[in-house]
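Structure file protein01.pdb; described as PDB, C-alpha atoms and all ligand atoms.
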ATOM      1  CA  MET A   1     167.904 284.267 144.228  1.00  0.00           C
ATOM      2  CA  ARG A   2     168.666 282.466 147.452  1.00  0.00           C
ATOM      3  CA  LEU A   3     166.495 284.208 150.041  1.00  0.00           C
ATOM      4  CA  PHE A   4     165.781 284.174 153.738  1.00  0.00           C
ATOM      5  CA  PHE A   5     163.970 286.348 156.255  1.00  0.00           C
ATOM      6  CA  GLY A   6     165.950 287.494 159.261  1.00  0.00           C
ATOM      7  CA  LEU A   7     166.518 290.062 161.941  1.00  0.00           C
ATOM      8  CA  ASP A   8     169.407 292.418 161.277  1.00  0.00           C
ATOM      9  CA  PRO A   9     170.993 293.725 164.484  1.00  0.00           C
ATOM     10  CA  LEU A  10     172.329 297.240 164.955  1.00  0.00           C
ATOM     11  CA  ALA A  11     175.905 297.637 163.733  1.00  0.00           C
ATOM     12  CA  GLU A  12     176.936 298.494 167.290  1.00  0.00           C
ATOM     13  CA  ASP A  13     175.545 295.179 168.542  1.00  0.00           C
ATOM     14  CA  LYS A  14     177.358 293.287 165.777  1.00  0.00           C
ATOM     15  CA  ARG A  15     180.592 294.894 166.969  1.00  0.00           C
ATOM     16  CA  ALA A  16     179.897 293.961 170.591  1.00  0.00           C
ATOM     17  CA  ILE A  17     179.181 290.330 169.654  1.00  0.00           C
ATOM     18  CA  ASP A  18     182.397 290.240 167.652  1.00  0.00           C
ATOM     19  CA  ALA A  19     184.402 291.730 170.547  1.00  0.00           C
ATOM     20  CA  TRP A  20     182.938 289.238 173.035  1.00  0.00           C
ATOM     21  CA  ARG A  21     183.684 286.354 170.622  1.00  0.00           C
ATOM     22  CA  ALA A  22     187.277 287.536 170.154  1.00  0.00           C
ATOM     23  CA  ARG A  23     187.757 287.705 173.923  1.00  0.00           C
ATOM     24  CA  VAL A  24     186.274 284.416 175.069  1.00  0.00           C
ATOM     25  CA  ALA A  25     184.488 282.309 172.457  1.00  0.00           C
ATOM     26  CA  THR A  26     186.999 280.156 170.654  1.00  0.00           C
ATOM     27  CA  ALA A  27     186.195 277.268 168.340  1.00  0.00           C
ATOM     28  CA  ASP A  28     187.972 275.283 165.626  1.00  0.00           C
ATOM     29  CA  GLY A  29     185.534 276.395 162.899  1.00  0.00           C
ATOM     30  CA  ARG A  30     185.340 279.362 160.528  1.00  0.00           C
ATOM     31  CA  PRO A  31     184.287 282.579 162.266  1.00  0.00           C
ATOM     32  CA  VAL A  32     181.315 284.319 160.657  1.00  0.00           C
ATOM     33  CA  PRO A  33     182.321 287.883 159.633  1.00  0.00           C
ATOM     34  CA  PRO A  34     180.595 290.398 161.937  1.00  0.00           C
ATOM     35  CA  ALA A  35     178.824 292.029 158.973  1.00  0.00           C
ATOM     36  CA  ASN A  36     177.036 288.686 158.472  1.00  0.00           C
ATOM     37  CA  PHE A  37     175.679 288.368 162.015  1.00  0.00           C
ATOM     38  CA  HIS A  38     171.906 287.954 161.803  1.00  0.00           C
ATOM     39  CA  LEU A  39     169.071 285.897 163.214  1.00  0.00           C
ATOM     40  CA  THR A  40     167.412 283.711 160.595  1.00  0.00           C
ATOM     41  CA  LEU A  41     163.623 283.616 160.835  1.00  0.00           C
ATOM     42  CA  ALA A  42     162.779 281.617 157.729  1.00  0.00           C
ATOM     43  CA  PHE A  43     165.037 280.195 155.058  1.00  0.00           C
ATOM     44  CA  LEU A  44     163.257 280.148 151.682  1.00  0.00           C
ATOM     45  CA  GLY A  45     165.916 278.877 149.301  1.00  0.00           C
ATOM     46  CA  GLU A  46     165.864 279.642 145.570  1.00  0.00           C
ATOM     47  CA  ILE A  47     163.043 282.040 144.668  1.00  0.00           C
ATOM     48  CA  ASP A  48     163.014 283.537 141.200  1.00  0.00           C
ATOM     49  CA  GLU A  49     162.660 287.271 140.729  1.00  0.00           C
ATOM     50  CA  ARG A  50     159.186 286.870 139.255  1.00  0.00           C
ATOM     51  CA  ARG A  51     157.929 285.611 142.608  1.00  0.00           C
ATOM     52  CA  LEU A  52     159.645 288.269 144.675  1.00  0.00           C
ATOM     53  CA  GLU A  53     156.785 290.747 144.288  1.00  0.00           C
ATOM     54  CA  ALA A  54     154.197 288.164 145.328  1.00  0.00           C
ATOM     55  CA  LEU A  55     156.355 287.303 148.314  1.00  0.00           C
ATOM     56  CA  CYS A  56     156.600 290.960 149.381  1.00  0.00           C
ATOM     57  CA  ASP A  57     152.826 291.380 148.913  1.00  0.00           C
ATOM     58  CA  ALA A  58     152.219 288.403 151.198  1.00  0.00           C
ATOM     59  CA  VAL A  59     154.489 289.905 153.857  1.00  0.00           C
ATOM     60  CA  ASP A  60     152.822 293.319 153.527  1.00  0.00           C
ATOM     61  CA  GLY A  61     149.631 291.654 154.771  1.00  0.00           C
ATOM     62  CA  LEU A  62     151.211 290.381 157.989  1.00  0.00           C
ATOM     63  CA  SER A  63     151.352 292.031 161.354  1.00  0.00           C
ATOM     64  CA  LEU A  64     155.086 292.523 161.869  1.00  0.00           C
ATOM     65  CA  PRO A  65     157.193 293.697 164.789  1.00  0.00           C
ATOM     66  CA  GLY A  66     158.663 297.185 164.945  1.00  0.00           C
ATOM     67  CA  ALA A  67     161.815 297.688 166.953  1.00  0.00           C
ATOM     68  CA  GLY A  68     162.732 294.937 169.380  1.00  0.00           C
ATOM     69  CA  GLU A  69     165.538 293.787 171.601  1.00  0.00           C
ATOM     70  CA  LEU A  70     166.726 290.357 172.695  1.00  0.00           C
ATOM     71  CA  CYS A  71     169.266 289.501 175.341  1.00  0.00           C
ATOM     72  CA  LEU A  72     171.792 286.989 173.991  1.00  0.00           C
ATOM     73  CA  ASP A  73     172.779 284.994 177.030  1.00  0.00           C
ATOM     74  CA  ARG A  74     173.244 281.397 175.965  1.00  0.00           C
ATOM     75  CA  VAL A  75     175.449 279.527 173.555  1.00  0.00           C
ATOM     76  CA  GLY A  76     174.769 276.284 171.747  1.00  0.00           C
ATOM     77  CA  TYR A  77     176.518 273.816 169.469  1.00  0.00           C
ATOM     78  CA  TRP A  78     174.990 271.712 166.698  1.00  0.00           C
ATOM     79  CA  PRO A  79     177.462 268.946 165.854  1.00  0.00           C
ATOM     80  CA  LYS A  80     176.124 267.953 162.421  1.00  0.00           C
ATOM     81  CA  PRO A  81     176.553 271.310 160.674  1.00  0.00           C
ATOM     82  CA  GLY A  82     179.305 272.206 163.189  1.00  0.00           C
ATOM     83  CA  ILE A  83     177.545 275.423 164.195  1.00  0.00           C
ATOM     84  CA  PHE A  84     178.475 277.267 167.370  1.00  0.00           C
ATOM     85  CA  TRP A  85     175.861 279.900 168.136  1.00  0.00           C
ATOM     86  CA  LEU A  86     174.672 282.585 170.499  1.00  0.00           C
ATOM     87  CA  GLY A  87     171.011 283.114 171.341  1.00  0.00           C
ATOM     88  CA  PRO A  88     168.405 284.252 173.841  1.00  0.00           C
ATOM     89  CA  GLY A  89     167.903 281.951 176.827  1.00  0.00           C
ATOM     90  CA  VAL A  90     164.342 283.166 177.308  1.00  0.00           C
ATOM     91  CA  PRO A  91     161.631 281.645 175.056  1.00  0.00           C
ATOM     92  CA  GLN A  92     160.443 283.985 172.282  1.00  0.00           C
ATOM     93  CA  PRO A  93     156.770 283.194 171.568  1.00  0.00           C
ATOM     94  CA  ALA A  94     156.289 286.364 169.487  1.00  0.00           C
ATOM     95  CA  LEU A  95     159.186 285.362 167.240  1.00  0.00           C
ATOM     96  CA  GLU A  96     157.753 281.855 166.903  1.00  0.00           C
ATOM     97  CA  THR A  97     154.476 283.312 165.626  1.00  0.00           C
ATOM     98  CA  LEU A  98     156.400 285.566 163.254  1.00  0.00           C
ATOM     99  CA  VAL A  99     158.414 282.601 161.966  1.00  0.00           C
ATOM    100  CA  ALA A 100     155.227 280.631 161.291  1.00  0.00           C
ATOM    101  CA  ASP A 101     153.676 283.609 159.442  1.00  0.00           C
ATOM    102  CA  LEU A 102     156.789 284.204 157.326  1.00  0.00           C
ATOM    103  CA  GLY A 103     157.037 280.486 156.589  1.00  0.00           C
ATOM    104  CA  ARG A 104     153.471 280.522 155.255  1.00  0.00           C
ATOM    105  CA  ALA A 105     154.215 283.604 153.139  1.00  0.00           C
ATOM    106  CA  GLY A 106     157.190 281.713 151.701  1.00  0.00           C
ATOM    107  CA  GLN A 107     155.112 278.638 150.964  1.00  0.00           C
ATOM    108  CA  ARG A 108     152.682 280.777 148.958  1.00  0.00           C
ATOM    109  CA  VAL A 109     155.488 281.459 146.497  1.00  0.00           C
ATOM    110  CA  GLY A 110     156.791 277.904 146.440  1.00  0.00           C
ATOM    111  CA  ALA A 111     159.310 277.771 149.286  1.00  0.00           C
ATOM    112  CA  ARG A 112     159.401 274.448 151.044  1.00  0.00           C
ATOM    113  CA  ARG A 113     158.037 274.013 154.523  1.00  0.00           C
ATOM    114  CA  GLU A 114     160.598 274.092 157.361  1.00  0.00           C
ATOM    115  CA  ARG A 115     160.249 270.985 159.483  1.00  0.00           C
ATOM    116  CA  ARG A 116     162.878 271.810 162.071  1.00  0.00           C
ATOM    117  CA  ARG A 117     161.871 273.512 165.292  1.00  0.00           C
ATOM    118  CA  PHE A 118     162.768 277.214 165.342  1.00  0.00           C
ATOM    119  CA  VAL A 119     165.699 277.964 167.646  1.00  0.00           C
ATOM    120  CA  PRO A 120     166.562 281.668 167.601  1.00  0.00           C
ATOM    121  CA  HIS A 121     170.321 281.911 167.149  1.00  0.00           C
ATOM    122  CA  ILE A 122     173.161 283.931 165.713  1.00  0.00           C
ATOM    123  CA  THR A 123     175.812 281.730 164.136  1.00  0.00           C
ATOM    124  CA  LEU A 124     179.294 282.551 165.426  1.00  0.00           C
ATOM    125  CA  TYR A 125     181.334 279.773 163.760  1.00  0.00           C
ATOM    126  CA  ARG A 126     180.624 277.182 161.090  1.00  0.00           C
ATOM    127  CA  GLY A 127     182.401 273.918 160.404  1.00  0.00           C
ATOM    128  CA  CYS A 128     183.399 273.186 163.996  1.00  0.00           C
ATOM    129  CA  ARG A 129     184.500 269.578 164.313  1.00  0.00           C
ATOM    130  CA  VAL A 130     184.740 269.413 168.087  1.00  0.00           C
ATOM    131  CA  PRO A 131     182.405 270.942 170.673  1.00  0.00           C
ATOM    132  CA  PRO A 132     183.731 274.408 171.523  1.00  0.00           C
ATOM    133  CA  PRO A 133     184.696 275.015 175.147  1.00  0.00           C
ATOM    134  CA  ALA A 134     182.254 276.988 177.282  1.00  0.00           C
ATOM    135  CA  PRO A 135     183.153 280.683 176.999  1.00  0.00           C
ATOM    136  CA  ALA A 136     185.072 281.953 180.044  1.00  0.00           C
ATOM    137  CA  GLU A 137     182.785 284.990 180.248  1.00  0.00           C
ATOM    138  CA  ALA A 138     179.048 284.277 180.063  1.00  0.00           C
ATOM    139  CA  PRO A 139     177.363 286.392 177.383  1.00  0.00           C
ATOM    140  CA  ALA A 140     174.709 289.013 178.146  1.00  0.00           C
ATOM    141  CA  LEU A 141     174.689 290.897 174.877  1.00  0.00           C
ATOM    142  CA  PRO A 142     171.938 293.094 173.455  1.00  0.00           C
ATOM    143  CA  PHE A 143     170.529 292.281 170.027  1.00  0.00           C
ATOM    144  CA  ARG A 144     168.520 295.288 168.888  1.00  0.00           C
ATOM    145  CA  TYR A 145     166.670 295.108 165.581  1.00  0.00           C
ATOM    146  CA  ARG A 146     164.150 297.080 163.633  1.00  0.00           C
ATOM    147  CA  GLY A 147     161.525 295.022 161.828  1.00  0.00           C
ATOM    148  CA  VAL A 148     162.086 292.145 159.451  1.00  0.00           C
ATOM    149  CA  THR A 149     164.601 291.992 156.596  1.00  0.00           C
ATOM    150  CA  LEU A 150     164.489 289.848 153.484  1.00  0.00           C
ATOM    151  CA  PHE A 151     168.076 288.925 152.631  1.00  0.00           C
ATOM    152  CA  GLU A 152     169.645 287.542 149.516  1.00  0.00           C
ATOM    153  CA  SER A 153     172.505 285.179 150.233  1.00  0.00           C
ATOM    154  CA  ARG A 154     175.206 285.808 147.626  1.00  0.00           C
ATOM    155  CA  ARG A 155     178.278 283.718 147.168  1.00  0.00           C
ATOM    156  CA  GLY A 156     181.247 285.817 146.087  1.00  0.00           C
ATOM    157  CA  ARG A 157     184.990 285.393 145.855  1.00  0.00           C
ATOM    158  CA  ASP A 158     185.380 286.364 149.523  1.00  0.00           C
ATOM    159  CA  GLY A 159     182.669 284.002 150.741  1.00  0.00           C
ATOM    160  CA  VAL A 160     179.001 284.523 151.356  1.00  0.00           C
ATOM    161  CA  ARG A 161     177.390 287.944 151.794  1.00  0.00           C
ATOM    162  CA  TYR A 162     173.872 288.808 152.858  1.00  0.00           C
ATOM    163  CA  GLU A 163     172.275 291.671 150.923  1.00  0.00           C
ATOM    164  CA  PRO A 164     169.010 293.170 152.189  1.00  0.00           C
ATOM    165  CA  VAL A 165     166.491 293.111 149.326  1.00  0.00           C
ATOM    166  CA  ALA A 166     163.455 294.334 151.287  1.00  0.00           C
ATOM    167  CA  ALA A 167     162.678 295.433 154.840  1.00  0.00           C
ATOM    168  CA  TRP A 168     159.532 295.968 156.885  1.00  0.00           C
ATOM    169  CA  ASP A 169     159.854 298.081 159.996  1.00  0.00           C
ATOM    170  CA  GLY A 170     156.409 297.309 161.365  1.00  0.00           C
ATOM    171  CA  GLY A 171     155.391 300.970 161.134  1.00  0.00           C
TER     172      GLY A 171
HETATM  173  O1  LIG A 201     171.455 281.893 160.418  1.00  0.00           O
HETATM  174  P1  LIG A 201     172.128 280.606 160.168  1.00  0.00           P
HETATM  175  O2  LIG A 201     173.592 280.744 159.962  1.00  0.00           O
HETATM  176  O3  LIG A 201     171.798 279.544 161.141  1.00  0.00           O
HETATM  177  O4  LIG A 201     172.532 278.032 157.613  1.00  0.00           O
HETATM  178  C1  LIG A 201     171.990 279.064 156.808  1.00  0.00           C
HETATM  179  C2  LIG A 201     171.901 280.375 157.538  1.00  0.00           C
HETATM  180  O5  LIG A 201     171.441 280.095 158.831  1.00  0.00           O
HETATM  181  C3  LIG A 201     170.542 278.795 156.549  1.00  0.00           C
HETATM  182  O6  LIG A 201     169.992 280.051 156.201  1.00  0.00           O
HETATM  183  C4  LIG A 201     170.775 281.076 156.778  1.00  0.00           C
HETATM  184  C5  LIG A 201     171.258 282.007 155.707  1.00  0.00           C
HETATM  185  O7  LIG A 201     171.985 281.319 154.744  1.00  0.00           O
HETATM  186  N1  LIG A 201     170.368 277.815 155.491  1.00  0.00           N
HETATM  187  C6  LIG A 201     171.117 277.667 154.385  1.00  0.00           C
HETATM  188  N2  LIG A 201     170.656 276.643 153.649  1.00  0.00           N
HETATM  189  C7  LIG A 201     169.588 276.142 154.316  1.00  0.00           C
HETATM  190  C8  LIG A 201     168.682 275.077 154.070  1.00  0.00           C
HETATM  191  N3  LIG A 201     168.761 274.320 152.982  1.00  0.00           N
HETATM  192  C9  LIG A 201     169.417 276.878 155.504  1.00  0.00           C
HETATM  193  N4  LIG A 201     168.450 276.633 156.384  1.00  0.00           N
HETATM  194  C10 LIG A 201     167.620 275.606 156.086  1.00  0.00           C
HETATM  195  N5  LIG A 201     167.730 274.860 154.989  1.00  0.00           N
END
Output the file's structure as structure tokens, nothing else.
Amino acid sequence: MRLFFGLDPLAEDKRAIDAWRARVATADGRPVPPANFHLTLAFLGEIDERRLEALCDAVDGLSLPGAGELCLDRVGYWPKPGIFWLGPGVPQPALETLVADLGRAGQRVGARRERRRFVPHITLYRGCRVPPPAPAEAPALPFRYRGVTLFESRRGRDGVRYEPVAAWDGG
């Protein structure tokens, strides 16, 4: 199974991000379907089902956030993967700690270590070949989440889908 930890926003916030994107955030790439909007905390890659229980046990031992809210008020563009994204402008030290903890839990079951710096973001478009223009309306969108979700990334006929396989609400 191809797994990653992420934050899953409220459906209402996914709709608001989608509406803002439709109004003002154009790009030449493929728009991510609103159902797929998420914030990746730690990408684990292929983890077999045998190791899933050990992974969940490792996460059970962590101190995890309950409900939280971010303000998405900046956009960014990464030319190499062609990703146009939305994220919080304010640094997120608590999320950085969480990312490090989840990364270590992943490494205990064989996931490789992430060497890139964590940049909290929600991908809006993939495969952009030219830098997207600055949106005409600056974003200030809420991203409300409850705890941490372990997602399976599944490739189907209609593209990729993210299925929650476990969730921790910090309670
Ligand atoms: O949340 P985003 O869209 O930035 O790009 C993939 C997506 O991130 C990323 O994991 C998220 C869920 O698929 N991803 C996919 N393959 C990856 C890899 N080999 C990866 N991140 C790091 N290394």
Chain and number of each residue from the PyMOL selection byres (((not hetatm)) within 8 of (chain A and resi 201)), as a VMD selection string: chain A and resid 3 to 4 6 37 to 40 42 to 45 83 114 121 to 123 126 153 162
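Between CA of Asp73 (chain A) and CA of Ala138 (chain A) there is a distance of 7.0 Å.
Between Val165 (chain A) and the residues A:Arg74, A:Arg2, A:Arg30, A:Arg15, the shortest atom-to-atom distance, using all atoms listed in the file, involves A:Arg2.
Pairwise distance (CA of Val130 (chain A), CA of Pro79 (chain A)) equals 7.6 Å.
Between CA of Ser63 (chain A) and CA of Glu163 (chain A) the separation is 23.4 Å.
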